[in-house]
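Trainee: What follows is a structure written as structure tokens; I'll ask about it next.
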Amino acid sequence: MAGEDTGARLEEDSPLSAEESLALIESQQREVHRRLGVNVALFYGPWGAAYLLGFGSVFLTYPSAVPLRLPGGVAAVITGVLFAAAIVVSVVNGTRAGRGVRGPSRMVGVMYGWSWTLGFCGLAAVNIGVTRRGLSADAATLLWSGSALLLVGVLYLAGGALWQDRFQYGLGVWMLVTGAGSVLAGVPGNFAVLSLAGGGGLLLTAGYFTLRPPRPRR
Amino acid sequence: MSAIGSLPGLDPVIHAQARLRVMVALAALATGDQITFPRLQQLLDMTAGNLSTHLRKLEDASYVQITKAYQRRTPVTYVALTEQGQRAFTDYTAALHQLLTPPSDQLGG
């Protein structure tokens with residue numbers, strides 16, 4: 001095979017100097033981290049867009065707030081499509097991350113991924129149960145708004161702790177503040193807070209991880 | 001400095017382009033993780049034959065551990081650095097740095 005011949009010849013003909021060897025280590029490390037590492041920005045960008053445009057469109061359905069009024073059905077479709085897309089991208093990206101690897105890091109990733117699914121199933125069960133006991137439409141909206149952001153914030157805190165990432169931890173704090181702020185803002189201001197503060201924070205995080213060079217995984 | 005011939009003091013098992021690349025890739029895994037043979041092959045752009053030859057040499061030196069497992073009845077080969085391999089790679093990198101450090105710096109440091 002031609003590939004093997006070239007490889008063998010390279011190895012025999014040109015013994016590596018110390019500089020070449022060190023340069024090879026560095027370039028290979030960059031390459032491996034790039035190809036083995038997960039594209040972290042992809043976990044935030046689609047969610048940032050979903051928050052910004054989805055919650056933004058819901059906010060625009062309230063006629064009292066803004067002169068331009070969006071029909072409720074349009075906002076529901078925008079929100080539904082964007083959030084579904086964000087879920088699909090996250091699951092696919094998360095599954096691809098550990099391709100061909102088994103061991104502790106894979107297990108951490110799988111457990112963390114399931115934490116999101118399980119957390120939101122629990123959240124939905126609690127909120128639906130509470131809402132059925134009799135909540136005004138506004139109170140129910142704020143319950144979902146505040147509790148969902150609380151869960152999102154805590155999961156980012158956990159992720160920051162697991163991967164020793166201060167930026168992700170900071171995003172967790174920001175999402176907690178956003179959730180509390182959305183409840184304080186009331187309806188429909190909560191949707192503006194979720195859209196701008198929540199979506200903004202997520203998009204900023206996506207930008208940060210796009211620009212940051214990949215790091216070793218330990 | 002760059003005209004050193006065989007570079008005495010450098011581990012000959014690691015000091016070869018292909019095996020060095022294998023070592024770098026395996027050292028990039030998180031502690032305790034193993035990678036499948038096909039994924040490693042893809043990561044390094046090596047032919048299967050070429051990669052197994054080099055893995056065998058690394059395994060003979062006890063730098064690499066090869067584990068055969070079954071996933072849905074399909075055999076899967078996992079590769080990981082041993083503790084010894086991890087240490088050898090760290091020592092090798094340290095030796096390179098030392099070779100490239102000007103003598104005045106060595107005195108200072």
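Residue names in the structure tokens use chain letters A, B, ... in the order shown, residue numbers from 1 in each chain, and ligand numbers from 1 in the order shown.
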Could you give me, as a PyMOL selection string, the residues within 9 Å of Val177 (chain A), counting only C-alpha atoms and dropping anything in the same chain fewer than 5 positions from it?

Mentor: chain A and resi 149-150+153+172+182

Trainee: Write out, as a PDB file, in the first residue's frame, the residues just selected, with C-alpha atoms.

Mentor:
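Written file, part-v3.pdb:
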```pdb
ATOM      1  CA  LEU A 149     -34.720  28.755  34.077  1.00  0.00           C
ATOM      2  CA  LEU A 150     -33.871  27.600  37.605  1.00  0.00           C
ATOM      3  CA  GLY A 153     -29.191  27.384  35.550  1.00  0.00           C
ATOM      4  CA  GLY A 172     -25.498  28.953  35.132  1.00  0.00           C
ATOM      5  CA  SER A 182     -38.450  36.950  34.505  1.00  0.00           C
TER       6      SER A 182
END
```

Trainee: Got a sec: who's within 12 Å of Phe167 (chain A), counting only C-alpha atoms, leaving out chain neighbours fewer than 2 positions off, as a PyMOL selection string?

Mentor: chain A and resi 40+156-157+159-161+163-165+169-174+201-202+204-209+212

Trainee: Could you please take those selected residues and save C-alpha atoms as a PDB file, in the first residue's frame?

Mentor:
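This went into out.pdb:
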```pdb
ATOM      1  CA  VAL A  40     -19.201  22.957  22.623  1.00  0.00           C
ATOM      2  CA  TYR A 156     -25.131  24.661  33.752  1.00  0.00           C
ATOM      3  CA  LEU A 157     -23.665  25.052  37.238  1.00  0.00           C
ATOM      4  CA  GLY A 159     -21.753  21.174  33.924  1.00  0.00           C
ATOM      5  CA  GLY A 160     -19.310  23.906  34.875  1.00  0.00           C
ATOM      6  CA  ALA A 161     -18.313  21.904  37.947  1.00  0.00           C
ATOM      7  CA  TRP A 163     -15.827  20.028  33.222  1.00  0.00           C
ATOM      8  CA  GLN A 164     -14.132  22.619  35.442  1.00  0.00           C
ATOM      9  CA  ASP A 165     -15.300  25.402  33.210  1.00  0.00           C
ATOM     10  CA  TYR A 169     -20.602  27.966  35.558  1.00  0.00           C
ATOM     11  CA  GLY A 170     -21.002  31.713  35.050  1.00  0.00           C
ATOM     12  CA  LEU A 171     -23.729  31.061  32.480  1.00  0.00           C
ATOM     13  CA  GLY A 172     -25.498  28.953  35.132  1.00  0.00           C
ATOM     14  CA  VAL A 173     -25.460  31.911  37.544  1.00  0.00           C
ATOM     15  CA  TRP A 174     -26.706  34.189  34.749  1.00  0.00           C
ATOM     16  CA  GLY A 201     -26.363  34.879  27.528  1.00  0.00           C
ATOM     17  CA  LEU A 202     -26.576  31.674  25.518  1.00  0.00           C
ATOM     18  CA  LEU A 204     -22.558  35.031  24.096  1.00  0.00           C
ATOM     19  CA  THR A 205     -21.511  31.626  25.464  1.00  0.00           C
ATOM     20  CA  ALA A 206     -21.710  30.103  21.967  1.00  0.00           C
ATOM     21  CA  GLY A 207     -19.479  32.917  20.696  1.00  0.00           C
ATOM     22  CA  TYR A 208     -17.015  32.388  23.515  1.00  0.00           C
ATOM     23  CA  PHE A 209     -16.682  28.664  22.827  1.00  0.00           C
ATOM     24  CA  ARG A 212     -11.714  29.677  22.426  1.00  0.00           C
TER      25      ARG A 212
END
```

Trainee: Give the helix (DSSP H, G or I) residues of region 150-216 of chain A, as DSSP finds them on the backbone, and put them as an MDAnalysis selection string.

Mentor: chainID A and resid 150:162 166:185 189:211

Trainee: Quick one: pull the distance between CA of Pro188 (chain A) and CA of Arg133 (chain A), Å, one decimal.

Mentor: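 Computing the Euclidean distance for CA of Pro188 (chain A) and CA of Arg133 (chain A) yields 22.7 Å.
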
Trainee: Of the candidates A:Ala23, A:Leu155, A:Ala18, A:Leu36, which one gets nearest to Ala27 (chain B) if we count only C-alpha atoms?

Mentor: A:Leu36

Trainee: Quote the spacing between CA of Arg106 (chain A) and CA of Leu118 (chain A) in Å to one decimal place.

Mentor: 18.2 Å

Trainee: At what distance in Å, to one decimal, does CA of Arg87 (chain B) lie from CA of Gly49 (chain B)?

Mentor: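 Between CA of Gly49 (chain B) and CA of Arg87 (chain B) the gap is 26.5 Å.
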
Trainee: Near Val187 (chain A), counting only C-alpha atoms, which residues have an atom at most 10 Å away, once you skip same-chain residues fewer than 3 positions from it, shown as a list in words?

Mentor: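 Once the adjacent positions are removed, what remains is Phe59, Tyr62, Ala137, Asp138, Ala139, Thr141, Leu142, Ser145, Ser182, Val183, Leu184, Asn190, Phe191 and Ala192 of chain A.
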
Trainee: Kindly export the residues of the current selection with N, CA and C atoms, as a PDB file, in the first residue's frame.

Mentor:
```
ATOM      1  N   PHE A  59     -43.459  37.262  23.122  1.00  0.00           N
ATOM      2  CA  PHE A  59     -43.594  38.604  23.697  1.00  0.00           C
ATOM      3  C   PHE A  59     -44.364  39.511  22.740  1.00  0.00           C
ATOM      4  N   TYR A  62     -48.337  39.969  22.624  1.00  0.00           N
ATOM      5  CA  TYR A  62     -49.101  40.761  23.593  1.00  0.00           C
ATOM      6  C   TYR A  62     -49.305  42.165  23.047  1.00  0.00           C
ATOM      7  N   ALA A 137     -53.713  32.131  34.657  1.00  0.00           N
ATOM      8  CA  ALA A 137     -52.874  31.940  33.470  1.00  0.00           C
ATOM      9  C   ALA A 137     -51.522  32.626  33.664  1.00  0.00           C
ATOM     10  N   ASP A 138     -51.526  33.819  34.222  1.00  0.00           N
ATOM     11  CA  ASP A 138     -50.279  34.550  34.440  1.00  0.00           C
ATOM     12  C   ASP A 138     -49.376  33.837  35.453  1.00  0.00           C
ATOM     13  N   ALA A 139     -49.981  33.363  36.537  1.00  0.00           N
ATOM     14  CA  ALA A 139     -49.184  32.665  37.558  1.00  0.00           C
ATOM     15  C   ALA A 139     -48.571  31.408  36.971  1.00  0.00           C
ATOM     16  N   THR A 141     -47.817  30.864  33.815  1.00  0.00           N
ATOM     17  CA  THR A 141     -46.747  31.289  32.900  1.00  0.00           C
ATOM     18  C   THR A 141     -45.463  31.586  33.678  1.00  0.00           C
ATOM     19  N   LEU A 142     -45.616  32.292  34.799  1.00  0.00           N
ATOM     20  CA  LEU A 142     -44.430  32.661  35.581  1.00  0.00           C
ATOM     21  C   LEU A 142     -43.824  31.447  36.282  1.00  0.00           C
ATOM     22  N   SER A 145     -41.802  29.801  33.569  1.00  0.00           N
ATOM     23  CA  SER A 145     -40.682  30.676  33.237  1.00  0.00           C
ATOM     24  C   SER A 145     -39.589  30.595  34.305  1.00  0.00           C
ATOM     25  N   SER A 182     -37.264  37.138  35.341  1.00  0.00           N
ATOM     26  CA  SER A 182     -38.450  36.950  34.505  1.00  0.00           C
ATOM     27  C   SER A 182     -39.707  36.917  35.371  1.00  0.00           C
ATOM     28  N   VAL A 183     -39.609  36.286  36.551  1.00  0.00           N
ATOM     29  CA  VAL A 183     -40.773  36.226  37.447  1.00  0.00           C
ATOM     30  C   VAL A 183     -41.081  37.623  37.993  1.00  0.00           C
ATOM     31  N   LEU A 184     -40.040  38.358  38.353  1.00  0.00           N
ATOM     32  CA  LEU A 184     -40.237  39.723  38.871  1.00  0.00           C
ATOM     33  C   LEU A 184     -40.836  40.634  37.791  1.00  0.00           C
ATOM     34  N   ASN A 190     -41.837  38.945  31.242  1.00  0.00           N
ATOM     35  CA  ASN A 190     -40.981  37.766  31.453  1.00  0.00           C
ATOM     36  C   ASN A 190     -40.438  37.229  30.125  1.00  0.00           C
ATOM     37  N   PHE A 191     -41.288  37.315  29.061  1.00  0.00           N
ATOM     38  CA  PHE A 191     -40.827  36.794  27.757  1.00  0.00           C
ATOM     39  C   PHE A 191     -39.707  37.656  27.181  1.00  0.00           C
ATOM     40  N   ALA A 192     -39.781  38.960  27.448  1.00  0.00           N
ATOM     41  CA  ALA A 192     -38.699  39.843  26.986  1.00  0.00           C
ATOM     42  C   ALA A 192     -37.413  39.525  27.731  1.00  0.00           C
TER      43      ALA A 192
END
```

Trainee: Between B:Thr101, B:Thr93, B:Ser52, B:Thr74, which is the closest to chain A once you count only C-alpha atoms?

Mentor: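 Among B:Thr101, B:Thr93, B:Ser52, B:Thr74, it is B:Thr93 that comes nearest to chain A.
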